>>> print(open('target_31.cif').read())   # mmCIF, C-alpha atoms
data_input
loop_
_atom_site.group_PDB
_atom_site.id
_atom_site.type_symbol
_atom_site.label_atom_id
_atom_site.label_comp_id
_atom_site.auth_asym_id
_atom_site.auth_seq_id
_atom_site.Cartn_x
_atom_site.Cartn_y
_atom_site.Cartn_z
ATOM 1 C CA MET A 260 -40.480 40.375 51.376
ATOM 2 C CA GLY A 261 -42.417 40.483 48.080
ATOM 3 C CA PRO A 262 -40.393 43.357 46.489
ATOM 4 C CA VAL A 263 -37.074 41.689 47.438
ATOM 5 C CA ARG A 264 -38.072 38.494 45.596
ATOM 6 C CA THR A 265 -39.048 40.567 42.519
ATOM 7 C CA ARG A 266 -35.705 42.387 42.400
ATOM 8 C CA GLY A 267 -33.828 39.090 42.876
ATOM 9 C CA ALA A 268 -35.750 37.485 40.054
ATOM 10 C CA ALA A 269 -35.013 40.468 37.797
ATOM 11 C CA VAL A 270 -31.276 40.301 38.541
ATOM 12 C CA LEU A 271 -31.248 36.574 37.905
ATOM 13 C CA ALA A 272 -33.053 37.032 34.590
ATOM 14 C CA ALA A 273 -30.573 39.727 33.518
ATOM 15 C CA LEU A 274 -27.596 37.498 34.343
ATOM 16 C CA CYS A 275 -29.104 34.626 32.360
ATOM 17 C CA ALA A 276 -29.633 36.915 29.374
ATOM 18 C CA VAL A 277 -25.993 38.090 29.474
ATOM 19 C CA ALA A 278 -24.775 34.489 29.732
ATOM 20 C CA ALA A 279 -26.931 33.491 26.780
ATOM 21 C CA VAL A 280 -25.516 36.317 24.649
ATOM 22 C CA LEU A 281 -21.944 35.350 25.543
ATOM 23 C CA PHE A 282 -22.666 31.675 24.799
ATOM 24 C CA LEU A 283 -24.172 32.475 21.399
ATOM 25 C CA ALA A 284 -21.275 34.781 20.540
ATOM 26 C CA ALA A 285 -18.789 32.030 21.359
ATOM 27 C CA CYS A 286 -20.716 29.509 19.290
ATOM 28 C CA GLY A 287 -20.708 31.918 16.382
ATOM 29 C CA THR A 288 -16.911 31.512 15.981
ATOM 30 C CA GLN A 289 -17.246 27.789 15.128
ATOM 31 C CA VAL A 290 -18.763 27.414 11.694
ATOM 32 C CA ALA A 291 -18.697 23.890 10.322
ATOM 33 C CA GLY A 292 -17.035 23.767 6.946
ATOM 34 C CA GLY A 293 -15.991 27.423 7.060
ATOM 35 C CA ALA A 294 -13.410 28.833 4.699
ATOM 36 C CA ASP A 295 -10.802 28.786 7.491
ATOM 37 C CA GLY A 296 -11.203 25.034 7.960
ATOM 38 C CA VAL A 297 -12.621 25.342 11.501
ATOM 39 C CA THR A 298 -15.026 22.615 12.615
ATOM 40 C CA PRO A 299 -16.926 22.018 15.882
ATOM 41 C CA THR A 300 -14.095 19.686 16.944
ATOM 42 C CA GLY A 301 -11.258 22.027 16.017
ATOM 43 C CA SER A 302 -9.236 23.150 12.994
ATOM 44 C CA ILE A 303 -8.214 20.613 10.320
ATOM 45 C CA PRO A 304 -4.963 21.760 8.709
ATOM 46 C CA TRP A 305 -4.547 22.005 4.937
ATOM 47 C CA THR A 306 -1.187 20.531 3.959
ATOM 48 C CA THR A 307 0.729 20.265 0.685
ATOM 49 C CA GLY A 308 0.455 16.917 -1.065
ATOM 50 C CA GLN A 309 0.942 15.118 -4.369
ATOM 51 C CA PRO A 310 -1.463 12.997 -6.429
ATOM 52 C CA SER A 311 -1.811 9.306 -5.689
ATOM 53 C CA ARG A 312 -1.532 8.599 -9.413
ATOM 54 C CA VAL A 313 -0.776 10.478 -12.626
ATOM 55 C CA THR A 314 -3.111 9.224 -15.349
ATOM 56 C CA GLY A 315 -2.278 11.219 -18.459
ATOM 57 C CA ALA A 316 -0.487 14.081 -20.181
ATOM 58 C CA GLN A 317 -1.404 16.115 -23.264
ATOM 59 C CA LEU A 318 0.596 18.560 -25.343
ATOM 60 C CA ALA A 319 -1.046 21.514 -27.088
ATOM 61 C CA ASP A 320 -0.346 22.496 -30.695
ATOM 62 C CA ASP A 321 2.398 24.895 -29.572
ATOM 63 C CA GLN A 322 4.335 21.856 -28.229
ATOM 64 C CA ARG A 323 4.952 23.780 -24.988
ATOM 65 C CA THR A 324 1.630 23.931 -23.136
ATOM 66 C CA LEU A 325 1.424 20.702 -21.137
ATOM 67 C CA THR A 326 -1.753 19.524 -19.391
ATOM 68 C CA VAL A 327 -1.378 16.728 -16.853
ATOM 69 C CA THR A 328 -4.224 14.734 -15.294
ATOM 70 C CA ALA A 329 -4.040 13.020 -11.917
ATOM 71 C CA GLN A 330 -6.078 11.565 -9.061
ATOM 72 C CA VAL A 331 -6.680 14.018 -6.180
ATOM 73 C CA PRO A 332 -8.672 13.832 -2.912
ATOM 74 C CA ASP A 333 -12.434 14.324 -3.016
ATOM 75 C CA GLY A 334 -15.360 14.485 -0.586
ATOM 76 C CA LYS A 335 -18.571 16.347 0.242
ATOM 77 C CA LYS A 336 -16.663 19.528 1.132
ATOM 78 C CA PRO A 337 -13.803 21.214 -0.761
ATOM 79 C CA CYS A 338 -10.753 18.934 -0.660
ATOM 80 C CA VAL A 339 -8.241 20.521 -3.046
ATOM 81 C CA ARG A 340 -6.836 24.018 -3.437
ATOM 82 C CA ALA A 341 -3.942 25.431 -5.452
ATOM 83 C CA LEU A 342 -3.554 22.465 -7.801
ATOM 84 C CA LYS A 343 -0.554 23.248 -9.997
ATOM 85 C CA ALA A 344 2.207 21.740 -12.120
ATOM 86 C CA VAL A 345 5.727 23.177 -12.071
ATOM 87 C CA VAL A 346 8.799 22.415 -14.202
ATOM 88 C CA THR A 347 11.511 21.524 -11.684
ATOM 89 C CA ASP A 348 14.418 20.593 -13.968
ATOM 90 C CA THR A 349 15.513 20.043 -17.578
ATOM 91 C CA GLU A 350 18.565 17.859 -18.113
ATOM 92 C CA ASN A 351 19.742 14.681 -19.876
ATOM 93 C CA ASN A 352 17.091 15.135 -22.565
ATOM 94 C CA THR A 353 14.409 14.963 -19.854
ATOM 95 C CA VAL A 354 11.868 17.495 -18.564
ATOM 96 C CA TRP A 355 10.863 17.025 -14.915
ATOM 97 C CA VAL A 356 7.433 18.228 -13.764
ATOM 98 C CA GLN A 357 5.947 18.102 -10.272
ATOM 99 C CA ILE A 358 2.234 18.317 -9.367
ATOM 100 C CA THR A 359 1.221 19.651 -5.959
ATOM 101 C CA PHE A 360 -1.939 20.810 -4.192
ATOM 102 C CA SER A 361 -3.179 21.748 -0.740
ATOM 103 C CA SER A 362 -5.683 19.467 1.025
ATOM 104 C CA PRO A 363 -7.006 18.486 4.490
ATOM 105 C CA SER A 364 -7.159 14.825 3.370
ATOM 106 C CA GLY A 365 -4.400 13.860 5.801
ATOM 107 C CA ASP A 366 -7.120 13.933 8.489
ATOM 108 C CA ARG A 367 -9.895 11.474 7.605
ATOM 109 C CA SER A 368 -12.378 13.513 9.639
ATOM 110 C CA SER A 369 -12.165 16.099 6.829
ATOM 111 C CA GLY A 370 -14.363 13.782 4.767
ATOM 112 C CA CYS A 371 -11.849 13.787 1.887
ATOM 113 C CA THR A 372 -11.754 10.010 1.661
ATOM 114 C CA ARG A 373 -12.530 9.578 -2.039
ATOM 115 C CA GLU A 374 -10.671 10.584 -5.212
ATOM 116 C CA ARG A 375 -11.482 12.311 -8.471
ATOM 117 C CA SER A 376 -9.657 13.188 -11.659
ATOM 118 C CA ALA A 377 -8.306 16.728 -12.042
ATOM 119 C CA SER A 378 -6.086 18.518 -14.565
ATOM 120 C CA THR A 379 -3.651 21.396 -14.464
ATOM 121 C CA SER A 380 -1.374 22.997 -17.065
ATOM 122 C CA VAL A 381 2.176 24.318 -17.221
ATOM 123 C CA ARG A 382 4.209 25.952 -20.002
ATOM 124 C CA LEU A 383 7.461 24.147 -20.810
ATOM 125 C CA PRO A 384 10.687 26.136 -21.288
ATOM 126 C CA ARG A 385 10.842 24.955 -24.925
ATOM 127 C CA PRO A 386 8.970 22.516 -27.198
ATOM 128 C CA LEU A 387 9.068 18.976 -25.803
ATOM 129 C CA GLY A 388 10.187 17.420 -29.087
ATOM 130 C CA ASP A 389 11.941 14.086 -28.520
ATOM 131 C CA GLN A 390 12.657 14.792 -24.860
ATOM 132 C CA LYS A 391 11.232 12.491 -22.197
ATOM 133 C CA LEU A 392 8.725 13.926 -19.750
ATOM 134 C CA VAL A 393 8.846 12.723 -16.134
ATOM 135 C CA VAL A 394 5.930 13.712 -13.883
ATOM 136 C CA ASP A 395 6.228 13.256 -10.100
ATOM 137 C CA LEU A 396 9.474 11.256 -10.341
ATOM 138 C CA ASP A 397 8.169 7.926 -11.654
ATOM 139 C CA ASN A 398 5.657 8.633 -14.442
ATOM 140 C CA GLN A 399 7.418 8.803 -17.793
ATOM 141 C CA PHE A 400 5.791 10.073 -21.004
ATOM 142 C CA THR A 401 6.996 10.439 -24.587
ATOM 143 C CA THR A 402 5.805 11.741 -27.961
ATOM 144 C CA ASP A 403 7.372 8.713 -29.678
ATOM 145 C CA GLY A 404 4.586 6.384 -30.763
ATOM 146 C CA ALA A 405 1.977 8.620 -29.100
ATOM 147 C CA LYS A 406 -1.413 9.571 -30.523
ATOM 148 C CA LEU A 407 -1.092 13.316 -30.074
ATOM 149 C CA PRO A 408 -2.187 15.451 -28.381
ATOM 150 C CA ALA A 409 -2.025 12.659 -25.736
ATOM 151 C CA LEU A 410 1.495 11.590 -24.793
ATOM 152 C CA ARG A 411 2.327 7.896 -24.395
ATOM 153 C CA LEU A 412 2.774 6.648 -20.825
ATOM 154 C CA CYS A 413 5.918 4.523 -20.618
ATOM 155 C CA GLY A 414 6.202 1.300 -18.633
ATOM 156 C CA GLU A 415 8.495 0.045 -15.882
ATOM 157 C CA LEU A 416 11.256 -0.659 -18.403
ATOM 158 C CA GLY A 417 11.146 2.856 -19.839
ATOM 159 C CA CYS A 418 9.717 4.268 -23.041
ATOM 160 C CA HIS A 419 11.411 1.726 -25.309
ATOM 161 C CA PRO A 420 11.404 -1.682 -23.588
ATOM 162 C CA PRO A 421 13.334 -4.533 -25.203
ATOM 163 C CA ALA A 422 11.471 -6.600 -27.749
ATOM 164 C CA THR A 423 10.618 -10.155 -26.786
ATOM 165 C CA GLY A 424 13.398 -12.540 -27.674
ATOM 166 C CA CYS A 425 15.984 -14.774 -26.099
ATOM 167 C CA THR A 426 17.997 -11.943 -24.513
ATOM 168 C CA SER A 427 18.875 -10.928 -20.950
ATOM 169 C CA ALA A 428 16.947 -7.661 -21.231
ATOM 170 C CA SER A 429 13.917 -9.581 -22.459
ATOM 171 C CA TYR A 430 14.152 -12.025 -19.529
ATOM 172 C CA ASP A 431 14.265 -9.106 -17.100
ATOM 173 C CA GLN A 432 10.982 -7.871 -18.589
ATOM 174 C CA ALA A 433 9.481 -11.345 -18.055
ATOM 175 C CA LEU A 434 10.474 -11.275 -14.377
ATOM 176 C CA ILE A 435 8.667 -7.969 -13.962
ATOM 177 C CA ALA A 436 5.594 -9.355 -15.733
ATOM 178 C CA ALA A 437 5.594 -12.317 -13.323
ATOM 179 C CA ASP A 438 5.871 -9.945 -10.336
ATOM 180 C CA ALA A 439 9.040 -11.688 -9.188
ATOM 181 C CA PRO A 440 10.429 -10.587 -5.795
ATOM 182 C CA ALA A 441 13.172 -7.984 -5.617
ATOM 183 C CA HIS A 442 16.749 -9.217 -6.097
ATOM 184 C CA THR A 443 15.613 -12.253 -8.081
ATOM 185 C CA TYR A 444 18.159 -14.460 -9.888
ATOM 186 C CA ARG A 445 17.445 -16.180 -13.196
ATOM 187 C CA ASP A 446 18.355 -19.857 -12.861
ATOM 188 C CA ALA A 447 17.402 -21.273 -16.279
ATOM 189 C CA GLU A 448 15.749 -20.162 -19.502
ATOM 190 C CA HIS A 449 14.179 -22.241 -22.274
ATOM 191 C CA CYS A 450 13.301 -19.916 -25.135
ATOM 192 C CA ASP A 451 12.524 -19.995 -28.852
ATOM 193 C CA GLY A 452 11.667 -16.278 -29.278
ATOM 194 C CA LYS A 453 7.895 -16.823 -29.139
ATOM 195 C CA TRP A 454 7.616 -18.973 -26.009
ATOM 196 C CA LEU A 455 9.624 -18.941 -22.790
ATOM 197 C CA VAL A 456 10.119 -21.001 -19.636
ATOM 198 C CA LEU A 457 11.883 -19.120 -16.868
ATOM 199 C CA ASP A 458 13.166 -20.633 -13.606
ATOM 200 C CA PHE A 459 14.170 -18.070 -10.998
ATOM 201 C CA SER A 460 14.939 -17.848 -7.294
ATOM 202 C CA TRP A 461 15.529 -15.276 -4.595
ATOM 203 C CA ARG A 462 17.477 -15.131 -1.346
ATOM 204 C CA THR A 463 15.592 -15.586 1.880
ATOM 205 C CA GLY A 464 16.281 -16.110 5.557
ATOM 206 C CA PRO A 465 18.729 -14.204 7.798
ATOM 207 C CA VAL A 466 21.037 -11.580 6.354
ATOM 208 C CA CYS A 467 24.327 -12.781 4.926
ATOM 209 C CA GLY A 468 26.316 -11.083 7.673
ATOM 210 C CA ASP A 469 24.795 -13.330 10.336
ATOM 211 C CA THR A 470 27.448 -16.075 10.553
ATOM 212 C CA THR A 471 25.530 -17.941 13.280
ATOM 213 C CA ALA A 472 22.453 -18.529 11.090
ATOM 214 C CA THR A 473 21.791 -22.069 9.856
ATOM 215 C CA PRO A 474 21.377 -22.167 6.941
ATOM 216 C CA SER A 475 23.137 -18.959 6.053
ATOM 217 C CA GLY A 476 21.051 -16.181 4.540
ATOM 218 C CA CYS A 477 23.394 -16.343 1.551
ATOM 219 C CA THR A 478 22.457 -19.940 0.704
ATOM 220 C CA SER A 479 18.788 -20.180 1.726
ATOM 221 C CA ARG A 480 16.556 -19.612 -1.317
ATOM 222 C CA LEU A 481 13.016 -19.958 -2.629
ATOM 223 C CA GLY A 482 12.138 -20.270 -6.307
ATOM 224 C CA ASP A 483 9.472 -20.558 -8.973
ATOM 225 C CA ARG A 484 8.940 -21.451 -12.644
ATOM 226 C CA TRP A 485 6.828 -19.420 -15.066
ATOM 227 C CA PHE A 486 5.743 -19.977 -18.658
ATOM 228 C CA PHE A 487 5.329 -17.032 -21.076
ATOM 229 C CA ARG A 488 4.039 -16.191 -24.537
ATOM 230 C CA ALA A 489 5.374 -13.305 -26.639
ATOM 231 C CA LYS A 490 2.991 -10.361 -27.079
ATOM 232 C CA PRO A 491 3.527 -6.954 -28.727
ATOM 233 C CA ALA A 492 3.972 -5.369 -25.279
ATOM 234 C CA GLY A 493 6.441 -8.034 -24.095
ATOM 235 C CA TRP A 494 6.407 -11.454 -22.471
ATOM 236 C CA ALA A 495 2.930 -12.280 -21.113
ATOM 237 C CA PRO A 496 2.697 -14.842 -18.276
ATOM 238 C CA ILE A 497 0.669 -17.981 -19.023
ATOM 239 C CA THR A 498 0.934 -19.922 -15.758
ATOM 240 C CA SER A 499 3.394 -21.051 -13.100
ATOM 241 C CA SER A 500 4.139 -24.544 -11.872
ATOM 242 C CA ALA A 501 6.829 -26.322 -9.875
ATOM 243 C CA THR A 502 6.059 -29.674 -11.507
ATOM 244 C CA GLY A 503 8.122 -31.184 -14.303
ATOM 245 C CA GLY A 504 7.105 -31.742 -17.915
ATOM 246 C CA CYS A 505 4.351 -30.031 -19.869
ATOM 247 C CA ALA A 506 1.129 -31.054 -18.104
ATOM 248 C CA ALA A 507 0.672 -27.825 -16.147
ATOM 249 C CA VAL A 508 1.324 -25.425 -19.016
ATOM 250 C CA HIS A 509 -0.688 -27.467 -21.526
ATOM 251 C CA ARG A 510 -3.732 -27.215 -19.267
ATOM 252 C CA ALA A 511 -3.459 -23.433 -19.538
ATOM 253 C CA GLU A 512 -2.119 -23.184 -23.114
ATOM 254 C CA PRO A 513 -2.220 -26.336 -25.293
ATOM 255 C CA ALA A 514 -0.171 -24.602 -28.017
ATOM 256 C CA PHE A 515 2.916 -24.288 -25.819
ATOM 257 C CA PRO A 516 5.770 -26.124 -27.629
ATOM 258 C CA THR A 517 6.457 -29.533 -26.130
ATOM 259 C CA ALA A 518 10.129 -29.172 -27.049
ATOM 260 C CA LEU A 519 10.513 -26.419 -24.435
ATOM 261 C CA CYS A 520 8.845 -28.217 -21.531
ATOM 262 C CA ALA A 521 9.088 -32.014 -22.011
ATOM 263 C CA SER A 522 12.511 -32.262 -20.369
ATOM 264 C CA LEU A 523 11.751 -29.994 -17.400
ATOM 265 C CA ASP A 524 12.467 -31.561 -14.017
ATOM 266 C CA PRO A 525 10.311 -30.640 -11.006
ATOM 267 C CA LEU A 526 11.679 -27.806 -8.922
ATOM 268 C CA SER A 527 13.507 -28.884 -5.802
ATOM 269 C CA PRO A 528 11.238 -29.008 -2.709
ATOM 270 C CA SER A 529 13.776 -26.758 -1.002
ATOM 271 C CA LEU A 530 13.093 -24.086 -3.615
ATOM 272 C CA HIS A 531 9.335 -24.563 -3.834
ATOM 273 C CA PRO A 532 8.097 -26.260 -0.648
ATOM 274 C CA SER A 533 4.563 -27.617 -0.544
ATOM 275 C CA TYR A 534 2.294 -26.852 2.404
ATOM 276 C CA PRO A 535 -0.771 -29.149 2.344
ATOM 277 C CA PRO A 536 -3.826 -27.930 4.247
ATOM 278 C CA ALA A 537 -3.924 -28.893 7.887
ATOM 279 C CA SER A 538 -6.108 -31.885 8.680
ATOM 280 C CA PRO A 539 -9.221 -31.129 10.769
ATOM 281 C CA THR A 540 -8.713 -31.668 14.486
ATOM 282 C CA SER A 541 -10.717 -34.424 16.121
ATOM 283 C CA ARG A 542 -13.344 -33.369 18.629
#
>>> encode(input="target_31.cif", output="structure tokens")
Amino acid sequence: MGPVRTRGAAVLAALCAVAAVLFLAACGTQVAGGADGVTPTGSIPWTTGQPSRVTGAQLADDQRTLTVTAQVPDGKKPCVRALKAVVTDTENNTVWVQITFSSPSGDRSSGCTRERSASTSVRLPRPLGDQKLVVDLDNQFTTDGAKLPALRLCGELGCHPPATGCTSASYDQALIAADAPAHTYRDAEHCDGKWLVLDFSWRTGPVCGDTTATPSGCTSRLGDRWFFRAKPAGWAPITSSATGGCAAVHRAEPAFPTALCASLDPLSPSLHPSYPPASPTSR
């Protein structure tokens, strides 16, 4: 019986060796962080994306070589490939440029959970001149008033916002500065060109088409009152208050003209309801 046990042990050892080789060979196809994106838990796809934010644009001396800077994904392993800028259109005195890259950041297990600044260049069809530059749809740049080679980043009201003053366009800028809700209505303005009080309101409640709603969505509103001071960049908010008179604004800015606030009535409670803190429950 001794020789039989020896042969059996030899066969068993040979099978184990073969299995070990096969196991190691299989493991060798999964290299963490490999160039093909394969990880021990499977492949993380690289997909095309756009920057979270465009931070700057520069124009070279030839007026055609444009370098744009943006925020892109970052992590311990490579997170960005094929970063590029492409001119997509030129019309209406505007040059449109789009930035794209490839990244696995759509899957947080890729480790690409941070961001870094990166730049890429593109050659424009002709010198930019007085044309506007739009990068990734909503970032507008201009040479007008810029400190070249850097282009000037325009604001929400475009590259040439209205100057502060007692005008409708100027009041619209003030609403943006106060972060007023969408579809806001201006209810009253008290303005002397350097100081401004703006009452505004916005629709709330059910949609107007709901005829069974009480009150109707077309009549239910909320509102607010903001005080502003003129700055070179536009109306700058000072404070907001639903109370009447000047007390609230004078606490924040004593120089605010009394003539613009003394006659202010408090906002209606229906426009600016007050919600006092709940009283503690008895135990």
>>> residues_around(input="target_31.cif", residues="stretch 379-396 of chain A", least_positions_apart="3", cutoff="7 Å", atoms="all atoms listed in the file", output="list in words")
Gln322, Arg323, Thr324, Leu325, Thr326, Val327, Thr328, Leu342, Lys343, Ala344, Val345, Val346, Asn352, Thr353, Val354, Trp355, Val356, Gln357, Ile358, Gln399, Phe400, Thr401 and Thr402 of chain A
>>> atom_distance(input="target_31.cif", atom1="atom CA of A:Gln432", atom2="atom CA of A:Leu481")
20.1 Å
>>> closest_residue(input="target_31.cif", among="A:Leu318, A:Cys450, A:Val313, A:Ala377", to="A:Val339", atoms="only C-alpha atoms")
A:Ala377
>>> residues_around(input="target_31.cif", residues="A:Pro363", least_positions_apart="4", cutoff="7 Å", atoms="all atoms listed in the file", output="number ranges by chain")
A: 303-306, 338, 369
>>> atom_distance(input="target_31.cif", atom1="atom CA of A:Gln330", atom2="atom CA of A:Ala405")
21.8 Å
>>> resolve_selection(input="target_31.cif", expression="the PyMOL selection byres ((chain A and resi 495-510) around 6)", output="list in words")
Arg484, Trp485, Phe486, Phe487, Arg488, Trp494, Ala511, Glu512, Pro513, Cys520, Ala521, Ser522, Leu523, Asp524, Pro525 and Leu526 of chain A
>>> resolve_selection(input="target_31.cif", expression="the PyMOL selection byres ((chain A and resi 443) around 9)", output="NGL selection string")
:A and (434 or 439-442 or 444-445 or 459-462 or 482)
>>> atom_distance(input="target_31.cif", atom1="atom CA of A:Ser479", atom2="atom CA of A:Ile435")
22.3 Å
>>> closest_residue(input="target_31.cif", among="A:Pro310, A:Leu407, A:Pro528, A:Lys453", to="A:Ser378", atoms="all atoms listed in the file")
A:Pro310
>>> axis_aligned_box(input="target_31.cif", around="stretch 358-362 of chain A", padding_each_side="6 Å", output="AutoDock Vina command-line options")
--center_x -1.7 --center_y 20.0 --center_z -4.2 --size_x 19.9 --size_y 15.4 --size_z 22.4
>>> residues_around(input="target_31.cif", residues="A:Ser529", least_positions_apart="2", cutoff="8 Å", atoms="all atoms listed in the file", output="list in words")
Arg480, Leu481, Ser527, His531 and Pro532 of chain A
>>> closest_residue(input="target_31.cif", among="A:Ala518, A:Leu530, A:Leu455, A:Val331", to="A:Ser429", atoms="all atoms listed in the file")
A:Leu455
>>> decode(input="target_31.cif", residues="stretch 479-503 of chain A", atoms="N, CA and C atoms", output="PDB file, in the first residue's frame")
ATOM      1  N   SER A 479     -51.211  84.438  -5.226  1.00  0.00           N
ATOM      2  CA  SER A 479     -50.407  84.188  -4.032  1.00  0.00           C
ATOM      3  C   SER A 479     -48.973  84.624  -4.290  1.00  0.00           C
ATOM      4  N   ARG A 480     -48.421  85.479  -3.391  1.00  0.00           N
ATOM      5  CA  ARG A 480     -47.083  86.013  -3.603  1.00  0.00           C
ATOM      6  C   ARG A 480     -46.309  86.066  -2.288  1.00  0.00           C
ATOM      7  N   LEU A 481     -44.989  86.103  -2.403  1.00  0.00           N
ATOM      8  CA  LEU A 481     -44.096  86.442  -1.309  1.00  0.00           C
ATOM      9  C   LEU A 481     -43.251  87.628  -1.768  1.00  0.00           C
ATOM     10  N   GLY A 482     -42.660  88.365  -0.826  1.00  0.00           N
ATOM     11  CA  GLY A 482     -41.900  89.535  -1.242  1.00  0.00           C
ATOM     12  C   GLY A 482     -40.794  89.881  -0.272  1.00  0.00           C
ATOM     13  N   ASP A 483     -39.989  90.888  -0.653  1.00  0.00           N
ATOM     14  CA  ASP A 483     -38.878  91.315   0.172  1.00  0.00           C
ATOM     15  C   ASP A 483     -38.530  92.766  -0.183  1.00  0.00           C
ATOM     16  N   ARG A 484     -37.705  93.383   0.684  1.00  0.00           N
ATOM     17  CA  ARG A 484     -37.232  94.746   0.442  1.00  0.00           C
ATOM     18  C   ARG A 484     -35.723  94.778   0.693  1.00  0.00           C
ATOM     19  N   TRP A 485     -34.990  95.325  -0.277  1.00  0.00           N
ATOM     20  CA  TRP A 485     -33.537  95.411  -0.155  1.00  0.00           C
ATOM     21  C   TRP A 485     -33.071  96.857  -0.337  1.00  0.00           C
ATOM     22  N   PHE A 486     -31.984  97.178   0.331  1.00  0.00           N
ATOM     23  CA  PHE A 486     -31.358  98.490   0.243  1.00  0.00           C
ATOM     24  C   PHE A 486     -29.994  98.317  -0.440  1.00  0.00           C
ATOM     25  N   PHE A 487     -29.641  99.269  -1.328  1.00  0.00           N
ATOM     26  CA  PHE A 487     -28.420  99.152  -2.129  1.00  0.00           C
ATOM     27  C   PHE A 487     -27.631 100.457  -2.113  1.00  0.00           C
ATOM     28  N   ARG A 488     -26.326 100.306  -2.395  1.00  0.00           N
ATOM     29  CA  ARG A 488     -25.439 101.442  -2.595  1.00  0.00           C
ATOM     30  C   ARG A 488     -24.751 101.268  -3.943  1.00  0.00           C
ATOM     31  N   ALA A 489     -24.577 102.352  -4.684  1.00  0.00           N
ATOM     32  CA  ALA A 489     -23.939 102.281  -5.997  1.00  0.00           C
ATOM     33  C   ALA A 489     -22.439 102.036  -5.853  1.00  0.00           C
ATOM     34  N   LYS A 490     -21.941 101.066  -6.629  1.00  0.00           N
ATOM     35  CA  LYS A 490     -20.511 100.765  -6.693  1.00  0.00           C
ATOM     36  C   LYS A 490     -20.098 100.757  -8.170  1.00  0.00           C
ATOM     37  N   PRO A 491     -18.799 100.809  -8.460  1.00  0.00           N
ATOM     38  CA  PRO A 491     -18.381 100.787  -9.869  1.00  0.00           C
ATOM     39  C   PRO A 491     -18.904  99.575 -10.632  1.00  0.00           C
ATOM     40  N   ALA A 492     -19.049  98.434  -9.957  1.00  0.00           N
ATOM     41  CA  ALA A 492     -19.506  97.216 -10.633  1.00  0.00           C
ATOM     42  C   ALA A 492     -21.021  97.102 -10.674  1.00  0.00           C
ATOM     43  N   GLY A 493     -21.747  98.051 -10.054  1.00  0.00           N
ATOM     44  CA  GLY A 493     -23.203  97.987 -10.050  1.00  0.00           C
ATOM     45  C   GLY A 493     -23.761  98.201  -8.655  1.00  0.00           C
ATOM     46  N   TRP A 494     -25.058  97.969  -8.502  1.00  0.00           N
ATOM     47  CA  TRP A 494     -25.689  98.113  -7.197  1.00  0.00           C
ATOM     48  C   TRP A 494     -25.201  97.016  -6.250  1.00  0.00           C
ATOM     49  N   ALA A 495     -24.730  97.423  -5.069  1.00  0.00           N
ATOM     50  CA  ALA A 495     -24.243  96.475  -4.059  1.00  0.00           C
ATOM     51  C   ALA A 495     -25.240  96.421  -2.910  1.00  0.00           C
ATOM     52  N   PRO A 496     -25.744  95.235  -2.556  1.00  0.00           N
ATOM     53  CA  PRO A 496     -26.715  95.124  -1.465  1.00  0.00           C
ATOM     54  C   PRO A 496     -26.114  95.572  -0.127  1.00  0.00           C
ATOM     55  N   ILE A 497     -26.913  96.282   0.667  1.00  0.00           N
ATOM     56  CA  ILE A 497     -26.511  96.684   2.007  1.00  0.00           C
ATOM     57  C   ILE A 497     -27.160  95.761   3.034  1.00  0.00           C
ATOM     58  N   THR A 498     -28.482  95.671   2.984  1.00  0.00           N
ATOM     59  CA  THR A 498     -29.224  94.808   3.907  1.00  0.00           C
ATOM     60  C   THR A 498     -30.641  94.666   3.389  1.00  0.00           C
ATOM     61  N   SER A 499     -31.403  93.780   3.995  1.00  0.00           N
ATOM     62  CA  SER A 499     -32.819  93.620   3.665  1.00  0.00           C
ATOM     63  C   SER A 499     -33.627  93.724   4.943  1.00  0.00           C
ATOM     64  N   SER A 500     -34.852  94.187   4.823  1.00  0.00           N
ATOM     65  CA  SER A 500     -35.717  94.308   5.986  1.00  0.00           C
ATOM     66  C   SER A 500     -37.158  94.495   5.530  1.00  0.00           C
ATOM     67  N   ALA A 501     -38.083  93.879   6.242  1.00  0.00           N
ATOM     68  CA  ALA A 501     -39.500  94.035   5.938  1.00  0.00           C
ATOM     69  C   ALA A 501     -40.125  95.136   6.783  1.00  0.00           C
ATOM     70  N   THR A 502     -39.362  95.720   7.700  1.00  0.00           N
ATOM     71  CA  THR A 502     -39.897  96.757   8.571  1.00  0.00           C
ATOM     72  C   THR A 502     -39.955  98.093   7.838  1.00  0.00           C
ATOM     73  N   GLY A 503     -40.748  99.023   8.375  1.00  0.00           N
ATOM     74  CA  GLY A 503     -40.845 100.338   7.779  1.00  0.00           C
ATOM     75  C   GLY A 503     -39.753 101.262   8.282  1.00  0.00           C
TER      76      GLY A 503
END
